[in-house]
Amino acid sequence: MKTNARVFFSKKKLGLKSLKILRAYMKRSLMIFFLLLAMQWAKADEGMWLPYLLGQQVYNDMVKKGLKLTKEQLYSINKASLKDAIIIFGGGCTGEIVSSQGLIFTNHHCGYDAIAGASTVAHNYLKDGFFAKTRQQEIPAARLSVQFLVKVEDVTEQVNDTLEGLSGQERLRLQQQVFADIVKKAVDSTDYEAKVLPMFKGNQFLLFVYQRYKDIRLVAAPPESIGKFGGDTDNWEWPRHTGDFSVFRVYADKNGQPAEYSADNVPLKPKYFLPVSLKGVKENDYAMLFGYPGSTNRYETSYGVNLKTSVENPAIVHLRDIRLKYMFERMKNDPAIKLKLASAYARIANYWKFFDGETRQLLKYNVEEQKREQEAAFEKWAQGKPAYQGLLKDYAKIYEEWRPYAKHRIYINEGILGSPLAAFAASLQAVEKALTQPGMPADAVQKSLQAADKARKAFLEDEDQPSDQKILAATCQQFYTDIAPAQHPIGFYDAVKAKFGNLKDDNTFRLWAAALMHSTFIFNDEKWAAFMAHPDAVTLQTDPAFAYASAFVKNYTGKYLPLHTRFVLQNNDLDRAYMKGLMEMSPGKKWYPDANFSMRLTYGQVKPYEPRDAVHYDYVCTMAGVMEKYKPGDYEFDLPEKYIDLYRKKDFGPYKDAKRNDMVVCFITTNDITGGNSGSPVLNGNGELIGLAFDGNYEALSHKIQFDQVYNRTICVDIRYVLWCIDKLGGATNIINELKIVK
């Protein structure tokens, strides 16, 4: 609101009546002003900020919203700080240290593989839950590791000195070389790991140094009926009633250093751990997340948005739908099959719904059109600037050239290789290369065979042939139907037609898949052993599973992968220039780099929202809502008997929300997150743990490309519900006693 400071009023000039009118006007104006201000505060909080480079403007805004910590308390190299409690959990999640004995909290879906891996039909921890009452009961989680961030360094100048003036393949080759040199120097004579990550589309480069711990043990997990309550139906939805948590512990050698699993290892004594708050949340409370968001593309062009919504996402959703259908048919009737396929099914299903929702939201909010408007403003600004003029025309050209082949690429990755058998068979191309390449040393051939034999054992452990056979038939048929005939592998479908029948008949592909599954030596131990003993290229190449996978993969890699590589390299060069231009065009804007699985913090507030007309969503949901959804024996909404008994007795202990006289299960905030943030701690202004982030809301699934300031919400499991499950449901008071609890 704008006022004129030169205008002055007095009682004498105005008179009493006029003064009353003026006062009423000013009062109304102030009301409008504060309403507008409230509306501004109600916006969701965009930005995935690097703690290492936290600007003063952003920090001041955090303090204004409720942060009580200093910058150094958030991130410091020389002193223990909050960043030392935040870990990369496994390959794609976040976790946090919550005790002086290396206890880890993360999401249930992040620990899912480890929980399933520790389970058997007799001891099904996925189904029944697991709560270790002593350290001796904790279960080693094979192949699971965590990483602590040691430090971050800006290496932009060093990288740019090498890459100045380069583009395309030459730039990529030298970039990989200079990255390797920087990493080698950074980790020399240490047990550290490091990586260099581009920021702002390659306009800045940061070195991240980590320390990895490999002895991780499962401490607690709720039954799947709690940890995955609501299943696929509630995925990405609010209100949400999922107790999405699991508990692990990191072990080290007696000197506190990383070590492989050993009974002699001891719990890690961390540099920093998070206190846990029982205070609960109120509307407008400050909320901060630390974590490792995986990927965003917020500075994508309209051309990229169009390709995603019209070609890529619909293809992914369609092909994943096929895979999920045939897996679920098997899982719903057999607990052993469910246990075997659970992890793979969860991974596929999670982003099946995401890609579908992302497309719907991008179209609903006309994001492509918004991007075009931004691009028009950029083109106007770029006139007369040789470095930027004509960039958008170049984008249009490369997208037009790649578009005819974009669906083919999706159908290879999500369709043909969506069959576990085909994916494993395709991996045997490494053996083929070893057997056919002239001058290949005998030991190299032997290594490739040993690797294949080991991979086959892992494949067979996870393989469900009946569902895979249906996936194989359906995805092969879909490729035939949906991909242009000129792009098909030469002769493949003609051979199928000649032996099995009309290619327009579903049964043709069913017969073909059955024959392939029956004939391949991959499922025949005797034939496989004979091949391992006397390997030859002809035996491999004539195997029907290998021949199938190889035909499609070689067709793609020989003809279409070079086109995709050229498209990506050209796109990278244009993105780098476009991003640089955008930042020059708006120098006063607060810029943050796209997510790339580097540590970020986001801040916001606890807020309700209204997703559509006449619908209001509160900022918390409770156990009363869990019981409303409860369906005895249902695949997604069943509950343990003990859970129901505790609820009926209102046995909430010290974790009850006094205002609601109930247990708060989940709450929502305005924080900016994406995949990879799963398991991230949600912290109050004092840096105390109040929840675990585990999902976003359906109305804002465009967030990877465009953040929605009105509807974006982060769904978090309330830490009090986590503690209730551990304490009351699991009886693991030993875990509760280990925490630093703030009441």
# chains A, B, ... in the order shown; residues from 1 in each chain; ligands from 1
>>> residues_around(residues="Leu601 in chain A", least_positions_apart="2", cutoff="7 Å", atoms="only C-alpha atoms", output="PyMOL selection string")
chain A and resi 48-51+288-291+603
>>> write_last_selection(atoms="N, CA and C atoms", output="compact mmCIF listing (two decimals), in the first residue's frame")
# COMPACT_ATOMS: atom_id res chain seq x y z
N MET A 48 15.35 -24.34 -1.74
CA MET A 48 16.17 -25.41 -1.16
C MET A 48 17.58 -24.83 -1.00
N TRP A 49 17.86 -24.30 0.19
CA TRP A 49 19.04 -23.48 0.40
C TRP A 49 20.23 -24.32 0.85
N LEU A 50 21.40 -23.96 0.35
CA LEU A 50 22.64 -24.61 0.77
C LEU A 50 23.08 -24.03 2.12
N PRO A 51 23.13 -24.83 3.19
CA PRO A 51 23.55 -24.29 4.49
C PRO A 51 24.94 -23.65 4.43
N MET A 288 11.54 -26.18 10.09
CA MET A 288 12.75 -26.21 9.26
C MET A 288 13.13 -27.66 8.97
N LEU A 289 13.52 -27.92 7.74
CA LEU A 289 13.97 -29.26 7.35
C LEU A 289 15.41 -29.21 6.88
N PHE A 290 16.19 -30.19 7.31
CA PHE A 290 17.51 -30.44 6.76
C PHE A 290 17.43 -31.77 6.02
N GLY A 291 18.05 -31.87 4.86
CA GLY A 291 18.03 -33.15 4.17
C GLY A 291 18.69 -33.12 2.82
N TYR A 603 12.77 -23.84 4.97
CA TYR A 603 12.05 -23.36 6.15
C TYR A 603 10.65 -22.92 5.75
>>> closest_atom_pairs(of="range 619-691 of chain A", to="range 66-77 of chain A", cutoff="9 Å", atoms="only C-alpha atoms", output="Markdown table")
| residue | atom | partner | partner_atom | distance |
| --- | --- | --- | --- | --- |
| A:Asn684 | CA | A:Leu67 | CA | 7.5 |
| A:Gly685 | CA | A:Leu67 | CA | 4.1 |
| A:Asn686 | CA | A:Lys68 | CA | 5.4 |
| A:Gly687 | CA | A:Leu69 | CA | 7.3 |
>>> residues_around(residues="Ala547 in chain A", least_positions_apart="6", cutoff="12 Å", atoms="only C-alpha atoms", output="VMD selection string")
chain A and resid 422 425 to 429 432 489 492 495 516 519 to 521 537 to 541 553 to 555
>>> write_last_selection(atoms="C-alpha atoms", output="CSV table (one decimal), in the first residue's frame")
chain,number,residue,atom,x,y,z
A,422,ALA,CA,14.9,-59.0,-19.6
A,425,ALA,CA,19.5,-60.9,-19.6
A,426,ALA,CA,20.5,-57.5,-20.9
A,427,SER,CA,23.2,-57.3,-18.3
A,428,LEU,CA,24.8,-60.4,-19.8
A,429,GLN,CA,26.0,-58.2,-22.7
A,432,GLU,CA,29.1,-61.3,-24.6
A,489,PRO,CA,14.5,-54.1,-34.0
A,492,PHE,CA,12.2,-59.4,-34.3
A,495,ALA,CA,10.0,-63.9,-36.2
A,516,LEU,CA,10.9,-67.9,-23.7
A,519,SER,CA,13.6,-72.3,-22.8
A,520,THR,CA,16.1,-69.8,-21.4
A,521,PHE,CA,19.1,-71.2,-19.6
A,537,ALA,CA,29.3,-66.7,-27.4
A,538,VAL,CA,27.0,-68.8,-29.6
A,539,THR,CA,25.3,-70.4,-26.6
A,540,LEU,CA,24.7,-67.0,-25.1
A,541,GLN,CA,23.5,-65.3,-28.2
A,553,VAL,CA,18.9,-52.8,-26.3
A,554,LYS,CA,21.4,-52.9,-29.3
A,555,ASN,CA,18.8,-51.4,-31.6
>>> select_by_dssp(residues="range 224-393 of chain A", states="strand (DSSP E or B)", output="PyMOL selection string")
chain A and resi 246-252+266-267+276-277+286-291
>>> select_by_dssp(residues="range 215-427 of chain A", states="alpha helix (DSSP H)", output="MDAnalysis selection string")
chainID A and resid 224:227 231:234 302:307 313:331 335:364 367:382 391:410 420:427
